[in-house]
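Data block below; observations after.
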Amino acid sequence: MGWPGLPSHFDLMRARIWLAIIAVASVAVLVGLHLGMSYLELGWCDDRHDLPGACRVVRAPVDWFKTRVMGMPDEASCATPLHQLRDRGARVWITDGAFLPDGGALLAARFAMKRGAVPQKLARLLADGRPDEDFEPGRECAPAFRLFRPLAEGVVALIGGAPDASDDLTRLTLVERDGTTTVQRPRGVCGVASGNIRDAALEARGSLLLAGTFESGSDNPVLARLDRDGRCITPFEPPGEPIVPEAIAGVMTDGRVALRLRPPQELPLMRYLGDGGIDVPYSAQLQLTLREAGVPFPLDAQVAADGSAVLTFQDGLGSPTLLLVDPSGQARNGIPVDRGAFDRRIGEVRPLPDGSVLLTVDGRSRATAETLSVPPARLWRLMPDGTVDAGFAENTKAIGAGAGEIRVLDIAKDGQMLVLALWYGRPPRGYTWPWPIQSEVYVLDRNGRRLTAFAAPPF
């Protein structure tokens, strides 16, 4: 019966049961936040197709519980040089890069501290690969830009981002080779946009091309020209039906521009002539080529300066994974290149001026990239006749030995390549995707040999 004024044995038991329920529920909520927010921060960025560039971020689990459930990195971590972050327990991976005129490179990276957020940083490497400690933009976190696009002479265009790390896809930031930055707010027809700026490229005349879905005007243009004074004009013919460009697939030497489109459009590429009109015969021939090859909508399409294109497709029985197209839109030399030619997953492709194609191959699933035990990545060159350059493959065999992914970040005019290698680690229990444990950057000559004079530290 218990003492007067004290809770009975039944009341104590009931209180214990409620405390246990509350404790279990609290743990479940925290675990759900931990897993859910990690996926939101890192998983969606690589999977969403409504943002330009898709950040090129691999999924990397973040251990939020070492400090607190949510929070941004402190100012000290943002001020830490990129090459020192790994020594402080951060998970760092390079995402983009561009050559500088002096032989150095400008790099963009993301890093995950033990707080859950994944900021971006910029870093400059000198001609010998050493990090430039005096690079002013590298002393803080960069805005959360969505696209890193090398232009010319070391100038880089960043699309999106704001000082508060929010998305602003009307914001175009130009980073000069000395580290000074200029924020462009396009005026005129590009001043108001529904889909905002999705990509940028440099024309031979020095003006910038912007791809987007712009509201101003009744015709909804998808390609515009940004002059040096920030005024945006659209001398390009609007398409017959509303479309959303994915990226600028290539700018040709004669002024033609190729846009890579997104489904549900029927064609992967739309080409503008030098006078701004749409190249209708090219679209008709490309449509016929795809129908005859029996291929689905490609995952990617890149166009060389002469107008030739390379299209990559999802792996599938009976379907080619690579299709080479000449400047007229016909399949080049009767090739498509079948999967059996490589027996590997085709990753990134880069058409070269001589008609050859740089491509990376590995064993990961293109759809999810979640397989952990995969063959090491390789960098190969496909000759114009569809054969693999054996000498180039041998020279690049030792590049990033054991890396899970190799990417070509930039190609200089003399043929030198800025190459990134990523190594993945097995994630902690509870995660099903790999996360990067190390990034390395190399410079290769046009034949695939590594330049020993450029020795960048691992990140």
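Following the order of the structure tokens, chains are lettered A, B, ..., residues in each are numbered from 1, and ligands are numbered from 1.
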Q: Tell me, as a VMD selection string, which residues lie within 10 Å of A:Thr80, counting only C-alpha atoms; anything in the same chain fewer than 2 positions away does not count.
A: chain A and resid 75 to 78 82 to 85 88 121 138 to 141
For the residues selected in the previous step, produce a file with C-alpha atoms as a compact mmCIF listing (two decimals), in the first residue's frame.
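File result33.txt, as written:
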```txt
# COMPACT_ATOMS: atom_id res chain seq x y z
CA GLU A 75 34.96 30.03 -38.81
CA ALA A 76 38.25 28.35 -37.93
CA SER A 77 37.46 25.29 -40.04
CA CYS A 78 36.48 27.43 -43.02
CA LEU A 82 42.29 22.78 -47.93
CA HIS A 83 45.41 20.60 -47.74
CA GLN A 84 45.33 20.77 -43.92
CA LEU A 85 41.69 19.81 -43.42
CA ARG A 88 42.10 17.83 -38.69
CA LYS A 121 36.27 25.78 -50.66
CA GLY A 138 40.86 30.00 -50.12
CA ARG A 139 40.85 31.52 -46.63
CA GLU A 140 37.11 31.10 -46.22
CA CYS A 141 34.26 28.88 -47.36
```
Q: Kindly indicate which residue among A:Arg256, A:Arg185, A:Lys413, A:Arg449 lies nearest to A:Pro101, using only C-alpha atoms for the distances.
A: A:Lys413
Residues within 9 Å of A:Asp445, only C-alpha atoms, excluding chain neighbours under 3 positions, as an mmCIF file with C-alpha atoms, in the first residue's frame:
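Final file, selection_38.cif:
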```cif
data_model
loop_
_atom_site.group_PDB
_atom_site.id
_atom_site.type_symbol
_atom_site.label_atom_id
_atom_site.label_comp_id
_atom_site.auth_asym_id
_atom_site.auth_seq_id
_atom_site.Cartn_x
_atom_site.Cartn_y
_atom_site.Cartn_z
ATOM 1 C CA ASP A 414 48.755 22.074 -75.630
ATOM 2 C CA GLY A 415 46.929 18.849 -74.741
ATOM 3 C CA GLN A 416 47.961 18.621 -71.090
ATOM 4 C CA MET A 417 45.255 17.203 -68.814
ATOM 5 C CA GLY A 448 49.099 10.266 -70.785
ATOM 6 C CA ARG A 449 52.466 10.490 -69.013
ATOM 7 C CA ARG A 450 52.460 12.126 -65.584
ATOM 8 C CA LEU A 451 54.448 15.350 -65.185
#
```
Q.
Considering only strand (DSSP E or B) as DSSP defines it on the backbone, what residues of stretch 244-366 of chain A qualify? List them as a PyMOL selection string.
A. chain A and resi 245-251+257-261+269-272+278+300-303+309-312+322-325+331-337+345-351+357-362
Put those residues in a file: C-alpha atoms, as a PDB file, in the first residue's frame.
```
ATOM      1  CA  PRO A 245      18.713  22.921 -71.423  1.00  0.00           C
ATOM      2  CA  GLU A 246      20.895  20.720 -69.245  1.00  0.00           C
ATOM      3  CA  ALA A 247      24.217  22.304 -70.229  1.00  0.00           C
ATOM      4  CA  ILE A 248      26.182  23.880 -73.061  1.00  0.00           C
ATOM      5  CA  ALA A 249      27.595  20.765 -74.694  1.00  0.00           C
ATOM      6  CA  GLY A 250      30.144  22.604 -76.810  1.00  0.00           C
ATOM      7  CA  VAL A 251      31.028  25.809 -78.653  1.00  0.00           C
ATOM      8  CA  VAL A 257      26.638  26.247 -80.138  1.00  0.00           C
ATOM      9  CA  ALA A 258      25.353  22.846 -79.009  1.00  0.00           C
ATOM     10  CA  LEU A 259      22.924  22.592 -76.093  1.00  0.00           C
ATOM     11  CA  ARG A 260      22.471  19.348 -74.205  1.00  0.00           C
ATOM     12  CA  LEU A 261      18.780  18.886 -73.425  1.00  0.00           C
ATOM     13  CA  LEU A 269      21.307  17.914 -78.592  1.00  0.00           C
ATOM     14  CA  MET A 270      20.035  21.108 -80.185  1.00  0.00           C
ATOM     15  CA  ARG A 271      22.507  23.087 -82.267  1.00  0.00           C
ATOM     16  CA  TYR A 272      22.441  26.814 -82.995  1.00  0.00           C
ATOM     17  CA  ILE A 278      18.411  26.516 -85.041  1.00  0.00           C
ATOM     18  CA  ASP A 300      25.493  12.544 -71.435  1.00  0.00           C
ATOM     19  CA  ALA A 301      26.509  14.271 -74.653  1.00  0.00           C
ATOM     20  CA  GLN A 302      29.671  16.259 -75.380  1.00  0.00           C
ATOM     21  CA  VAL A 303      30.541  18.120 -78.580  1.00  0.00           C
ATOM     22  CA  ALA A 309      29.776  14.501 -80.668  1.00  0.00           C
ATOM     23  CA  VAL A 310      30.086  11.573 -78.295  1.00  0.00           C
ATOM     24  CA  LEU A 311      26.984  10.236 -76.517  1.00  0.00           C
ATOM     25  CA  THR A 312      27.016   7.851 -73.545  1.00  0.00           C
ATOM     26  CA  LEU A 322      28.969   4.920 -76.518  1.00  0.00           C
ATOM     27  CA  LEU A 323      27.933   6.467 -79.835  1.00  0.00           C
ATOM     28  CA  LEU A 324      30.266   8.611 -81.947  1.00  0.00           C
ATOM     29  CA  VAL A 325      28.535  11.146 -84.212  1.00  0.00           C
ATOM     30  CA  ALA A 331      27.115   7.794 -86.742  1.00  0.00           C
ATOM     31  CA  ARG A 332      30.851   8.161 -87.342  1.00  0.00           C
ATOM     32  CA  ASN A 333      32.488   5.413 -89.382  1.00  0.00           C
ATOM     33  CA  GLY A 334      29.542   3.133 -88.704  1.00  0.00           C
ATOM     34  CA  ILE A 335      30.560   2.842 -85.025  1.00  0.00           C
ATOM     35  CA  PRO A 336      28.657   2.492 -82.213  1.00  0.00           C
ATOM     36  CA  VAL A 337      31.041   1.191 -79.586  1.00  0.00           C
ATOM     37  CA  ARG A 345      31.296   1.048 -67.004  1.00  0.00           C
ATOM     38  CA  ILE A 346      31.956   4.127 -69.129  1.00  0.00           C
ATOM     39  CA  GLY A 347      32.188   7.214 -66.990  1.00  0.00           C
ATOM     40  CA  GLU A 348      33.075  10.708 -68.150  1.00  0.00           C
ATOM     41  CA  VAL A 349      33.819  11.402 -71.822  1.00  0.00           C
ATOM     42  CA  ARG A 350      35.780  14.262 -73.389  1.00  0.00           C
ATOM     43  CA  PRO A 351      35.984  14.699 -77.188  1.00  0.00           C
ATOM     44  CA  VAL A 357      37.796  10.734 -77.218  1.00  0.00           C
ATOM     45  CA  LEU A 358      39.040  10.632 -73.638  1.00  0.00           C
ATOM     46  CA  LEU A 359      36.978   8.371 -71.431  1.00  0.00           C
ATOM     47  CA  THR A 360      37.160   7.000 -67.910  1.00  0.00           C
ATOM     48  CA  VAL A 361      36.039   3.462 -67.164  1.00  0.00           C
ATOM     49  CA  ASP A 362      35.387   1.607 -63.936  1.00  0.00           C
TER      50      ASP A 362
END
```
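Note that atom CA of A:Gln287 and atom CA of A:Gln314 are 18.3 Å apart.
Across the structure, atom CA of A:Asp227 and atom CA of A:Leu151 are spaced 14.6 Å apart.
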